[in-house]
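For reference, the structure is listed below as structure tokens.
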Number of protein chains: 4
Amino acid sequence: MELLVRYLDRSDSVSSAMTQDTINEENLRDDLRYYFMSPCEKYRARRHIPWKMVVQILKIIMITTQLILFGLNNQLVVSFKEENTMALKNLFLKDYSGIDEDDYSVAVYTQQGVYDSLFYVLDQYSQLAQLSVGPIGYAADEEGNLLPLTICKEYYKRGTVDPSNEAYDIDAQLETVCMSHDPKTANQWKTQNSSFFELDFYRLVDIKVTFQLKGINLQTVRSREMSDCYSFFVTITFDNQCHSGKVKIFLDIDAQSSACRDWKISGTAQKNTHYLLVFDSFIILVCLTSAVLCTRSMVLAVRLLQRFSTFFHENFNRKVCEEDQKEFLNGWYLLVIVSDIMTIIGSILKMEIQAKSLTSYDVCSILLGTATLLVWVGVIRYLGYFQKYNVLILTMKAAFPKVLRFCCCAGMIYLGYTFCGWIVLGPYHEKTGDLSRVYPDSCPITPNNSWDRLQQPPQP
Amino acid sequence: MELLVRYLDRSDSVSSAMTQDTINEENLRDDLRYYFMSPCEKYRARRHIPWKMVVQILKIIMITTQLILFGLNNQLVVSFKEENTMALKNLFLKDYSGIDEDDYSVAVYTQQGVYDSLFYVLDQYSQLAQLSVGPIGYAADEEGNLLPLTICKEYYKRGTVDPSNEAYDIDAQLETVCMSHDPKTANQWKTQNSSFFELDFYRLVDIKVTFQLKGINLQTVRSREMSDCYSFFVTITFDNQCHSGKVKIFLDIDAQSSACRDWKISGTAQKNTHYLLVFDSFIILVCLTSAVLCTRSMVLAVRLLQRFSTFFHENFNRKVCEEDQKEFLNGWYLLVIVSDIMTIIGSILKMEIQAKSLTSYDVCSILLGTATLLVWVGVIRYLGYFQKYNVLILTMKAAFPKVLRFCCCAGMIYLGYTFCGWIVLGPYHEKTGDLSRVYPDSCPITPNNSWDRLQQPPQP
Amino acid sequence: MELLVRYLDRSDSVSSAMTQDTINEENLRDDLRYYFMSPCEKYRARRHIPWKMVVQILKIIMITTQLILFGLNNQLVVSFKEENTMALKNLFLKDYSGIDEDDYSVAVYTQQGVYDSLFYVLDQYSQLAQLSVGPIGYAADEEGNLLPLTICKEYYKRGTVDPSNEAYDIDAQLETVCMSHDPKTANQWKTQNSSFFELDFYRLVDIKVTFQLKGINLQTVRSREMSDCYSFFVTITFDNQCHSGKVKIFLDIDAQSSACRDWKISGTAQKNTHYLLVFDSFIILVCLTSAVLCTRSMVLAVRLLQRFSTFFHENFNRKVCEEDQKEFLNGWYLLVIVSDIMTIIGSILKMEIQAKSLTSYDVCSILLGTATLLVWVGVIRYLGYFQKYNVLILTMKAAFPKVLRFCCCAGMIYLGYTFCGWIVLGPYHEKTGDLSRVYPDSCPITPNNSWDRLQQPPQP
Amino acid sequence: MELLVRYLDRSDSVSSAMTQDTINEENLRDDLRYYFMSPCEKYRARRHIPWKMVVQILKIIMITTQLILFGLNNQLVVSFKEENTMALKNLFLKDYSGIDEDDYSVAVYTQQGVYDSLFYVLDQYSQLAQLSVGPIGYAADEEGNLLPLTICKEYYKRGTVDPSNEAYDIDAQLETVCMSHDPKTANQWKTQNSSFFELDFYRLVDIKVTFQLKGINLQTVRSREMSDCYSFFVTITFDNQCHSGKVKIFLDIDAQSSACRDWKISGTAQKNTHYLLVFDSFIILVCLTSAVLCTRSMVLAVRLLQRFSTFFHENFNRKVCEEDQKEFLNGWYLLVIVSDIMTIIGSILKMEIQAKSLTSYDVCSILLGTATLLVWVGVIRYLGYFQKYNVLILTMKAAFPKVLRFCCCAGMIYLGYTFCGWIVLGPYHEKTGDLSRVYPDSCPITPNNSWDRLQQPPQP
């Protein structure tokens, strides 16, 4: 930038004799000067209303609103799933305390305990309709037949273990035996298939009880939206893999939402979701405008650079240096364009999700979230036009490599320390993987070092 | 201030020839010098005892004492309400653990659980007199008839839900059915209105049990004060809005205090609350004095400014510049007057509250609290008279805009980060709204930057 | 110090002509120089072995050893009392969870709950001998009669409360009715004195059950020490003062230790506690030596000052300035003497405690602890003899008033903020008095300010 | 280094006239220059490929991989032991909450509680086979006879304690009575040996129930590794040492792994553990290479030093100063050699452990962990070749003594404070030894002081 300015100044002093060239040069110089002005100066210079800035401000408001609306909606869905998970755990797990330990829900230590927990699941499942408070029911297939509950037990094919004599003879291959039964008579299994339930704990690796439930999110009925139907794929695992005398019971739920097959909401006008669609469309429009404006600016910049380098080559027979060329490439524009594209894709996804034709909440939220982050960070650019903020930003820019270098050096020591601490201290504590204990408290290099350097403004 | 001093000095050197003008000028200069003196210097110069300062010191002691007394009294009331809430929760909520989860008190997951909890409320309510340890009883109307307990259930008007087939047909309009009964026979409801208690959980949105209890805060009898009568409006809500299989039970209490209708405390002389009234009155008096003194000082300052600007206009034909005019407006006086007015209003409110004719504890505590804060902050002013503290205060004054600017810049990034983190990370954790998790730990701009700048004293 | 040095230097250059005076002066100058030397330099100069330093080093080792021994012994006693308290709580409090809530142990919310808890105490007490695992028993008086258990109930003399009609008529005077009974038949009270146990909860203020138990700390038998006998004065309070529907149950124990009346330990040689007495005596000796040496040094310093000022007065006819006089008063000596006196008193107390003739653990531990702190802090003095540490210490000395001033200023704002926060935010949170919530997070003045100043060494 | 460079430079200017000497000198100078080059410069100078560096990089990758593999394997073993401990605690301890309090597992306060807990152990033990979910069984001796369970009670030989009269007569010698019985009939003891179980709690010091269980870690069967057999030496202690009315119950497990006596895994090809052995061997090879290379470099350096000092002595008749001699001793090489030796020993141990002929996990993990730490720290050396990092490292080197000195000074005060705080505050809080409460919050010397100094690069 500085060199550029010098060129401009130099050409000032030289350009007194020539005529046509002078005019061209003058034009170029004016264009260059205009190009590097802030919106405010541009307005003062050519009464050019800063449309790009207006669009950005509009965008920031709209995108944030959209994000908040989407987030609140998401939260409803997430809390519905969470509460359902909690309800099912309380229904099906015996002696569930309400809080998961580590990663499992309940631990059982006796053979009787395992049988009790297993039969408790079956009993509760068979009387689900009389138990549950929520609108869930057994899943049915297309013909209306209720899907069965399945119990699978996995065990070593053959094996005798005699710990007293330190002797074992095991066929390490795993065998899986399953049985399935109609939901409503699940509690009669015990008597019917008693042989299946004679577990040989030495060989047993795990028992998996799987069943499928259907639920309806009636919550949305109240806000006059169409409600989702959910399929809950419930898996209750009695995990004896470790053979340590502790059987861990897990309950995993895979909840999948879909449009209900047959539904009717009456008694009230359906909420007009058109407004939301219009809002999303408008956002897409604004982002398109913003992207187009920024692309135009970048194209103009490239052209200007070409004119400038041609002129330079002709008049001074020198190439414009690398650094000055970079000045013409405005990183902020790139940021804005990237965020625009993300917003557009995110908004389209969001509209699809609202129309229940897609359920990729995750992708959509990542897109919209990142876009919003970029837009807010983009505001810093406008702060850069004010002199005092600029110093702040330039300082940060100059300090970045130093910070990086410091982090690299500290990282080395930290990595070594972590590995060493993990292996040396780890196994003799209860929680082996807890990294925070290993962290060096008396670490000789702290970030203070670099931060203080940061405070000196870069020498011009 | 500096310019002003220069004017004064200049006039010094000039004023050797004139006579009448010189005297006027001398007077004005003396008055100006006196005006900008500290209380200590004033005392040395004209043996003027610093009444304002004495009043301020008196005020700070009295206001703080008053605040502490009021706060301790408030605490008694608040703890009475809290303990009553806790007692009612333990009486009416089945399986209450003593600690609220999230925002609800108890969660129930089975139909039988809902019935049990509901009937438990009715049973306990009907035998309240034999249960409760505290002086609470059923509320009665003017004629002495006990107010009834009311149960309302809210449900979708019509609806069949068949989750197994992903089918539902719901009338989204809500219908509310209530019934009320005499307290003492509440436990007979089950048999009398069994149909009412056949809940259709698919349609049920919530059940609300409301009743009103009366209590007396006998605590104050011991401190020989008149005791308050309380009305507890208790609402027990069985919340099934979410239809997630988890019915949350809330118990909300709205406690309203009022003077008792018919009371008599004997056996001991009633405590003389006159002392407290006298103390409050004295505070009002002191504050009035302080406000009047400060107002006088401000009026004098304005007059002095007028004299000074007139003189300036006449002699030098120039206007006193904006900045110098500001020097005459003492912000501290304004602070003192505002705090005085707040104290006076707060004290009057406090007297009314003590006379049981008002219950606006909140307004009163905000007024008194803010006033005390202002008075304590006002002490810094007197520290400003000592040279070394002054440097501290001036430094802070100069650094303030820089800090503000930095906060603004960091705020932008933080906002963007928060929105992004909320939407991207949020829904996949248990507690979605927990902002602290989202906070950028490796935030590149830290306040250190600005604080270090703060330490350089402003260049004169 | 500097001025002093200048005087010395000046006298150097002048003292070439005089004879007798010169010798005197030389002597004085030498003495002065020697006085301000470090132990190391003294040794080099006059081969003077630094006894004081040797004594200090000896002292620091011995005092620390003594402190640790005393502390470990204390800990045994404290843990015995704590475990006894815990055991008695578990024996006498119904439904005790093992952890106290807030300040009370158990809270009861129903009338039946109060009766149950009360009778539980009596039942458990009557069968204490069959219950308790520890060597505790009912206390007996001189003649061997067991001391009775006493129940006192305190209530308003007369009173009718009718919360439903907001009416009450109370005699605020408190009446206390007590009854006492033989321990072993305590569980028959219910039938014998049923009228006493008909509690009128509206009037009831509190019930206090008090009894006395005796215990023996057999723990010390194993370490071959004489064991202490303990009297436990147990008070179980059912607190209904607040009349809020929540009766808090407290169990307070006042444990007093004394020598057992009649004891015999056989089967093993008693541990020789003489060693400990000899060690304590030796410490007293060392401390006396240290105190005497330091006092001597101070006396010598005062004499030297007198000689110096006399000389100064005679020769230069000037008074020694205040600051130079202070140089002769060595604060470290004062510190050492204070710590010595505290150690001596503490050691004597400790010996008395070990002989079971005193039980003032608190006073003794405060004396010994403070003495140890002072001795360790005193080590800094010897570090001051090394040049580089000296800079550190001088810096700290210079920065101290600045830090103090800053703290004073910040304290003002903090106090105001605290009062305001307490009254405004307090009552609307559960825990009113929690100061940490009120703490200003965005406090504009942080200690950084002062600490950075601290780092500049003082200008000479 | 600098002096050395000066010598070199000086010899440059002088060496114009001589011939043979000049060549020698030239050679020496070249060798010296080459010696102090970084690998990068060496490569540029003599196209010498930096083998040492390549070996180091290879080593860092391999050692880290080895450490992670070993650590993961260790974690499996540790978690197996932990889960077994937890399972046994749940099986044998009555009313075990799942979490240990302080250091004991359960506390019992009544005599009946002690009997119940004791008989619970015996009952559970006698029916272990029907209870436990894991592959554990009673231990058997060589002939296949089950090892008996042993109960030992330790008590004062003789003693009567009468707390009511503050009288006791105790024989402080301890007597131990044991009995042992066949596991399967353990629950019949109560009837057979009822006299043994009549405990005199006044005299009782502790009861120890010890038995031995055998277990097999079948977990490894699944990963096709040979499984370990474990002997669990279980000790359940009823601790009444304190005689405070609280009997603490501890369950300690000493788990020893060994190769199983008689085992057979069929049905699947055994996992080829050869790969791991090859990998370990390769690491040993690499480390040997690295150690040899570094040793060679050190030997070369010593020789170069000898040549240099001889040359110096001959030409300038001066000795090479101490500091320059140190330059030839490269600390990094020492570091690498130490880490290599540790890795080699560690790897050999690891191979032995995998072959089940050793079980010293601890020694092995300390060796491997420390070696990895050293290797990672060694990376800093290569960063030192880059100019900017070098500044960082030199700064750290220069600041180290200052930091040490500061720590020493602060340590003094801290030690004094800690001792004082422990004794003065300690005994009157529940947790006496909690040091963190004692920590001085307002400590006047903070590390900031030194860290700021750290930031100034050392003056050359």
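Following the order of the structure tokens, first chain is A, next is B, and so on, with residues numbered from 1 inside each chain and ligands from 1 in the order they appear.
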Neighbour list for Lys248 of chain A as a VMD selection string, cut-off 10 Å, only C-alpha atoms, skip fewer than 5 positions in-chain | chain A and resid 101 103 to 109 114 206 237 to 242
Residues as selected, all heavy atoms, written as a compact mmCIF listing (two decimals), in the first residue's frame, can you do that?
# COMPACT_ATOMS: atom_id res chain seq x y z
N GLU A 101 -24.38 -43.13 34.83
CA GLU A 101 -23.01 -43.16 35.33
C GLU A 101 -22.09 -43.28 34.13
O GLU A 101 -22.42 -43.99 33.17
CB GLU A 101 -22.81 -44.37 36.25
CG GLU A 101 -23.69 -44.35 37.49
CD GLU A 101 -23.69 -45.69 38.18
OE1 GLU A 101 -22.61 -46.18 38.54
OE2 GLU A 101 -24.78 -46.26 38.32
N ASP A 103 -20.81 -43.84 31.10
CA ASP A 103 -21.53 -43.88 29.83
C ASP A 103 -22.70 -44.85 29.87
O ASP A 103 -23.57 -44.79 29.02
CB ASP A 103 -20.57 -44.27 28.69
CG ASP A 103 -19.84 -45.56 28.99
OD1 ASP A 103 -19.78 -45.94 30.17
OD2 ASP A 103 -19.33 -46.19 28.06
N TYR A 104 -22.73 -45.70 30.86
CA TYR A 104 -23.83 -46.65 30.97
C TYR A 104 -24.89 -46.09 31.92
O TYR A 104 -24.65 -45.13 32.63
CB TYR A 104 -23.32 -48.02 31.46
CG TYR A 104 -22.57 -47.96 32.75
CD1 TYR A 104 -23.21 -48.17 33.95
CD2 TYR A 104 -21.21 -47.68 32.78
CE1 TYR A 104 -22.52 -48.11 35.14
CE2 TYR A 104 -20.53 -47.61 33.96
CZ TYR A 104 -21.19 -47.82 35.14
OH TYR A 104 -20.51 -47.74 36.32
N SER A 105 -26.06 -46.73 31.89
CA SER A 105 -27.16 -46.20 32.70
C SER A 105 -27.22 -46.87 34.06
O SER A 105 -27.39 -46.21 35.08
CB SER A 105 -28.49 -46.41 31.97
OG SER A 105 -28.50 -45.68 30.77
N VAL A 106 -27.10 -48.20 34.09
CA VAL A 106 -27.20 -48.94 35.33
C VAL A 106 -26.11 -50.01 35.32
O VAL A 106 -25.74 -50.51 34.25
CB VAL A 106 -28.58 -49.62 35.46
CG1 VAL A 106 -28.71 -50.33 36.79
CG2 VAL A 106 -29.71 -48.62 35.33
N ALA A 107 -25.57 -50.33 36.49
CA ALA A 107 -24.63 -51.44 36.58
C ALA A 107 -25.21 -52.50 37.49
O ALA A 107 -25.79 -52.18 38.53
CB ALA A 107 -23.29 -50.96 37.12
N VAL A 108 -25.08 -53.76 37.10
CA VAL A 108 -25.61 -54.86 37.89
C VAL A 108 -24.45 -55.78 38.23
O VAL A 108 -23.57 -56.00 37.39
CB VAL A 108 -26.70 -55.59 37.10
CG1 VAL A 108 -27.16 -56.83 37.84
CG2 VAL A 108 -27.88 -54.67 36.85
N TYR A 109 -24.45 -56.31 39.47
CA TYR A 109 -23.30 -57.08 39.89
C TYR A 109 -23.62 -58.54 40.21
O TYR A 109 -22.72 -59.31 40.48
CB TYR A 109 -22.65 -56.42 41.12
CG TYR A 109 -22.12 -55.04 40.84
CD1 TYR A 109 -22.86 -53.91 41.13
CD2 TYR A 109 -20.87 -54.87 40.25
CE1 TYR A 109 -22.39 -52.65 40.86
CE2 TYR A 109 -20.38 -53.61 39.99
CZ TYR A 109 -21.15 -52.51 40.29
OH TYR A 109 -20.67 -51.27 40.02
N VAL A 114 -29.14 -59.44 36.99
CA VAL A 114 -29.25 -59.46 35.54
C VAL A 114 -30.61 -60.02 35.12
O VAL A 114 -31.32 -59.43 34.30
CB VAL A 114 -28.12 -60.30 34.91
CG1 VAL A 114 -28.32 -60.44 33.41
CG2 VAL A 114 -26.78 -59.66 35.21
N ASP A 206 -22.79 -60.59 25.56
CA ASP A 206 -23.80 -59.57 25.82
C ASP A 206 -25.20 -60.04 25.44
O ASP A 206 -25.36 -61.01 24.71
CB ASP A 206 -23.47 -58.24 25.12
CG ASP A 206 -23.33 -58.38 23.62
OD1 ASP A 206 -23.91 -59.30 23.04
OD2 ASP A 206 -22.61 -57.56 23.03
N THR A 237 -28.79 -52.92 26.01
CA THR A 237 -27.65 -53.84 25.96
C THR A 237 -27.21 -54.20 27.38
O THR A 237 -26.99 -53.31 28.20
CB THR A 237 -26.47 -53.17 25.23
OG1 THR A 237 -26.96 -52.62 24.01
CG2 THR A 237 -25.38 -54.20 24.93
N PHE A 238 -27.11 -55.50 27.66
CA PHE A 238 -26.51 -55.98 28.90
C PHE A 238 -25.09 -56.38 28.52
O PHE A 238 -24.88 -57.42 27.91
CB PHE A 238 -27.27 -57.18 29.45
CG PHE A 238 -28.65 -56.85 29.93
CD1 PHE A 238 -29.67 -56.59 29.04
CD2 PHE A 238 -28.93 -56.80 31.29
CE1 PHE A 238 -30.95 -56.28 29.49
CE2 PHE A 238 -30.20 -56.49 31.75
CZ PHE A 238 -31.21 -56.23 30.84
N ASP A 239 -24.13 -55.54 28.89
CA ASP A 239 -22.78 -55.70 28.38
C ASP A 239 -21.90 -56.46 29.38
O ASP A 239 -21.58 -55.94 30.44
CB ASP A 239 -22.19 -54.32 28.08
CG ASP A 239 -20.79 -54.42 27.54
OD1 ASP A 239 -20.35 -55.53 27.22
OD2 ASP A 239 -20.13 -53.37 27.42
N ASN A 240 -21.49 -57.67 29.02
CA ASN A 240 -20.60 -58.47 29.87
C ASN A 240 -19.27 -58.74 29.17
O ASN A 240 -18.55 -59.67 29.49
CB ASN A 240 -21.29 -59.80 30.24
CG ASN A 240 -20.58 -60.50 31.37
OD1 ASN A 240 -20.00 -59.85 32.23
ND2 ASN A 240 -20.63 -61.83 31.38
N GLN A 241 -18.96 -57.91 28.16
CA GLN A 241 -17.74 -58.09 27.36
C GLN A 241 -16.50 -58.18 28.22
O GLN A 241 -15.57 -58.93 27.93
CB GLN A 241 -17.57 -56.89 26.43
CG GLN A 241 -18.25 -57.03 25.12
CD GLN A 241 -17.82 -55.89 24.21
OE1 GLN A 241 -16.66 -55.80 23.82
NE2 GLN A 241 -18.75 -55.02 23.89
N CYS A 242 -16.48 -57.34 29.26
CA CYS A 242 -15.27 -57.20 30.06
C CYS A 242 -15.08 -58.39 31.01
O CYS A 242 -13.99 -58.64 31.49
CB CYS A 242 -15.38 -55.90 30.85
SG CYS A 242 -13.82 -55.27 31.41
Per residue of chain D within 7 Å of chain C, note the shortest atom pair and the distance in Å to one decimal, counting only C-alpha atoms, and order the rows by chain and increasing residue number, as a tab-separated table.
residue	atom	partner	partner_atom	distance
D:Tyr109	CA	C:Ala87	CA	5.8
D:Thr110	CA	C:Leu131	CA	5.0
D:Gln111	CA	C:Val133	CA	5.4
D:Pro163	CA	C:Gly215	CA	5.3
D:Ser164	CA	C:Ala139	CA	4.7
D:Asn165	CA	C:Ala140	CA	6.4
D:Glu166	CA	C:Cys260	CA	5.2
D:Ala167	CA	C:Asp262	CA	4.5
D:Tyr168	CA	C:Trp263	CA	4.9
D:Asp169	CA	C:Lys264	CA	4.6
D:Ile170	CA	C:Ile265	CA	5.0
D:Asp171	CA	C:Ser266	CA	4.6
D:Ala172	CA	C:Gly267	CA	5.7
D:Gln173	CA	C:Gly267	CA	5.7
D:Phe201	CA	C:Val133	CA	5.9
D:Tyr202	CA	C:Pro135	CA	5.6
D:Gln241	CA	C:Gln219	CA	6.5
D:Cys242	CA	C:Gln219	CA	5.1
D:His243	CA	C:Gly134	CA	5.1
D:Ser244	CA	C:Asn84	CA	5.1
D:Gly245	CA	C:Gly134	CA	3.7
D:Lys246	CA	C:Ala87	CA	5.6
D:Cys409	CA	C:Ile380	CA	6.9
D:Met412	CA	C:Trp376	CA	6.2
D:Ile413	CA	C:Val377	CA	5.5
D:Gly416	CA	C:Leu373	CA	4.4
D:Tyr417	CA	C:Leu373	CA	5.7
D:Phe419	CA	C:Gly369	CA	6.7
D:Cys420	CA	C:Gly369	CA	4.1
D:Ile423	CA	C:Gly71	CA	5.8
D:Val424	CA	C:Ile366	CA	5.2
D:Pro427	CA	C:Val78	CA	6.1
D:Asn449	CA	C:Gln455	CA	5.9
From a DSSP pass on the backbone, collect the residues of segment 107-336 of chain B flagged as helix (DSSP H, G or I) and hand them back as an NGL selection string.
-> :B and (111-126 or 128-131 or 163-165 or 183-192 or 219-222 or 274-316 or 322-328 or 331-336)
Running DSSP on the backbone, which parts of segment 5-215 of chain C land in strand (DSSP E), as a ChimeraX atom specification?
-> /C:106-108,136-138,149-162,167-181,204-215
Write out as a list of chain:residue names the residues lying within 9 Å of Ala301 of chain C, counting only C-alpha atoms and excluding same-chain residues fewer than 4 positions away.
->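 After dropping sequence-adjacent residues, the list is C:Tyr35, C:Arg296, C:Ser297, C:Leu305, C:Gln306, C:Phe328, C:Leu329, C:Asn330.
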Could those residues be written to a file, using C-alpha atoms, as a PDB file, in the first residue's frame?
ATOM      1  CA  TYR C  35      27.622  -2.685  62.751  1.00  0.00           C
ATOM      2  CA  ARG C 296      22.076  -7.320  73.432  1.00  0.00           C
ATOM      3  CA  SER C 297      22.465  -6.319  69.793  1.00  0.00           C
ATOM      4  CA  LEU C 305      23.799   5.658  68.196  1.00  0.00           C
ATOM      5  CA  GLN C 306      24.397   7.717  71.328  1.00  0.00           C
ATOM      6  CA  PHE C 328      20.101   1.888  64.075  1.00  0.00           C
ATOM      7  CA  LEU C 329      16.797   0.317  65.066  1.00  0.00           C
ATOM      8  CA  ASN C 330      16.777  -3.102  63.436  1.00  0.00           C
TER       9      ASN C 330
END
Contacts of Leu93 of chain A within 8 Å, only C-alpha atoms, excl. fewer than 5 positions in-chain, as a list in words |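 Using only C-alpha atoms, the neighbours found are Val106, Ser117, Tyr120 and Val121 of chain A.
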What lies within 10 Å of segment 44-56 of chain D using only C-alpha atoms, ignoring chain neighbours under 2 positions off, as number ranges by chain?
-> D: 34, 37-42, 58-62, 286-287, 289-294, 297, 336, 375-376, 378-379, 382
Only C-alpha atoms, please: the residues just picked out, written as a PDB file, in the first residue's frame.
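New file result-v1.pdb:
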ATOM      1  CA  TYR D  34      31.556 -27.253  10.562  1.00  0.00           C
ATOM      2  CA  MET D  37      26.810 -25.614  12.089  1.00  0.00           C
ATOM      3  CA  SER D  38      23.136 -26.630  12.147  1.00  0.00           C
ATOM      4  CA  PRO D  39      22.165 -29.773  10.184  1.00  0.00           C
ATOM      5  CA  CYS D  40      20.804 -27.549   7.447  1.00  0.00           C
ATOM      6  CA  GLU D  41      24.058 -25.628   7.074  1.00  0.00           C
ATOM      7  CA  LYS D  42      26.081 -28.820   7.213  1.00  0.00           C
ATOM      8  CA  LEU D  58      11.974 -41.640  13.026  1.00  0.00           C
ATOM      9  CA  LYS D  59      12.481 -42.291  16.727  1.00  0.00           C
ATOM     10  CA  ILE D  60       9.948 -39.718  17.862  1.00  0.00           C
ATOM     11  CA  ILE D  61       7.245 -41.282  15.690  1.00  0.00           C
ATOM     12  CA  MET D  62       8.032 -44.842  16.714  1.00  0.00           C
ATOM     13  CA  VAL D 286      16.803 -47.384  16.035  1.00  0.00           C
ATOM     14  CA  CYS D 287      17.606 -46.299  19.557  1.00  0.00           C
ATOM     15  CA  THR D 289      21.772 -46.394  16.192  1.00  0.00           C
ATOM     16  CA  SER D 290      20.806 -43.053  17.632  1.00  0.00           C
ATOM     17  CA  ALA D 291      22.845 -43.660  20.781  1.00  0.00           C
ATOM     18  CA  VAL D 292      25.878 -44.770  18.762  1.00  0.00           C
ATOM     19  CA  LEU D 293      25.681 -41.756  16.458  1.00  0.00           C
ATOM     20  CA  CYS D 294      25.399 -39.369  19.374  1.00  0.00           C
ATOM     21  CA  SER D 297      29.550 -37.068  17.834  1.00  0.00           C
ATOM     22  CA  VAL D 336      19.303 -38.179  23.487  1.00  0.00           C
ATOM     23  CA  VAL D 375      12.487 -37.110  23.049  1.00  0.00           C
ATOM     24  CA  TRP D 376       9.750 -34.542  22.634  1.00  0.00           C
ATOM     25  CA  GLY D 378      14.605 -32.776  22.376  1.00  0.00           C
ATOM     26  CA  VAL D 379      12.635 -31.396  19.459  1.00  0.00           C
ATOM     27  CA  TYR D 382      15.938 -28.367  16.323  1.00  0.00           C
TER      28      TYR D 382
END
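For the atom pair formed by atom CA of Glu327 of chain A and atom CA of Phe406 of chain B, the distance is 26.3 Å, given to one decimal.
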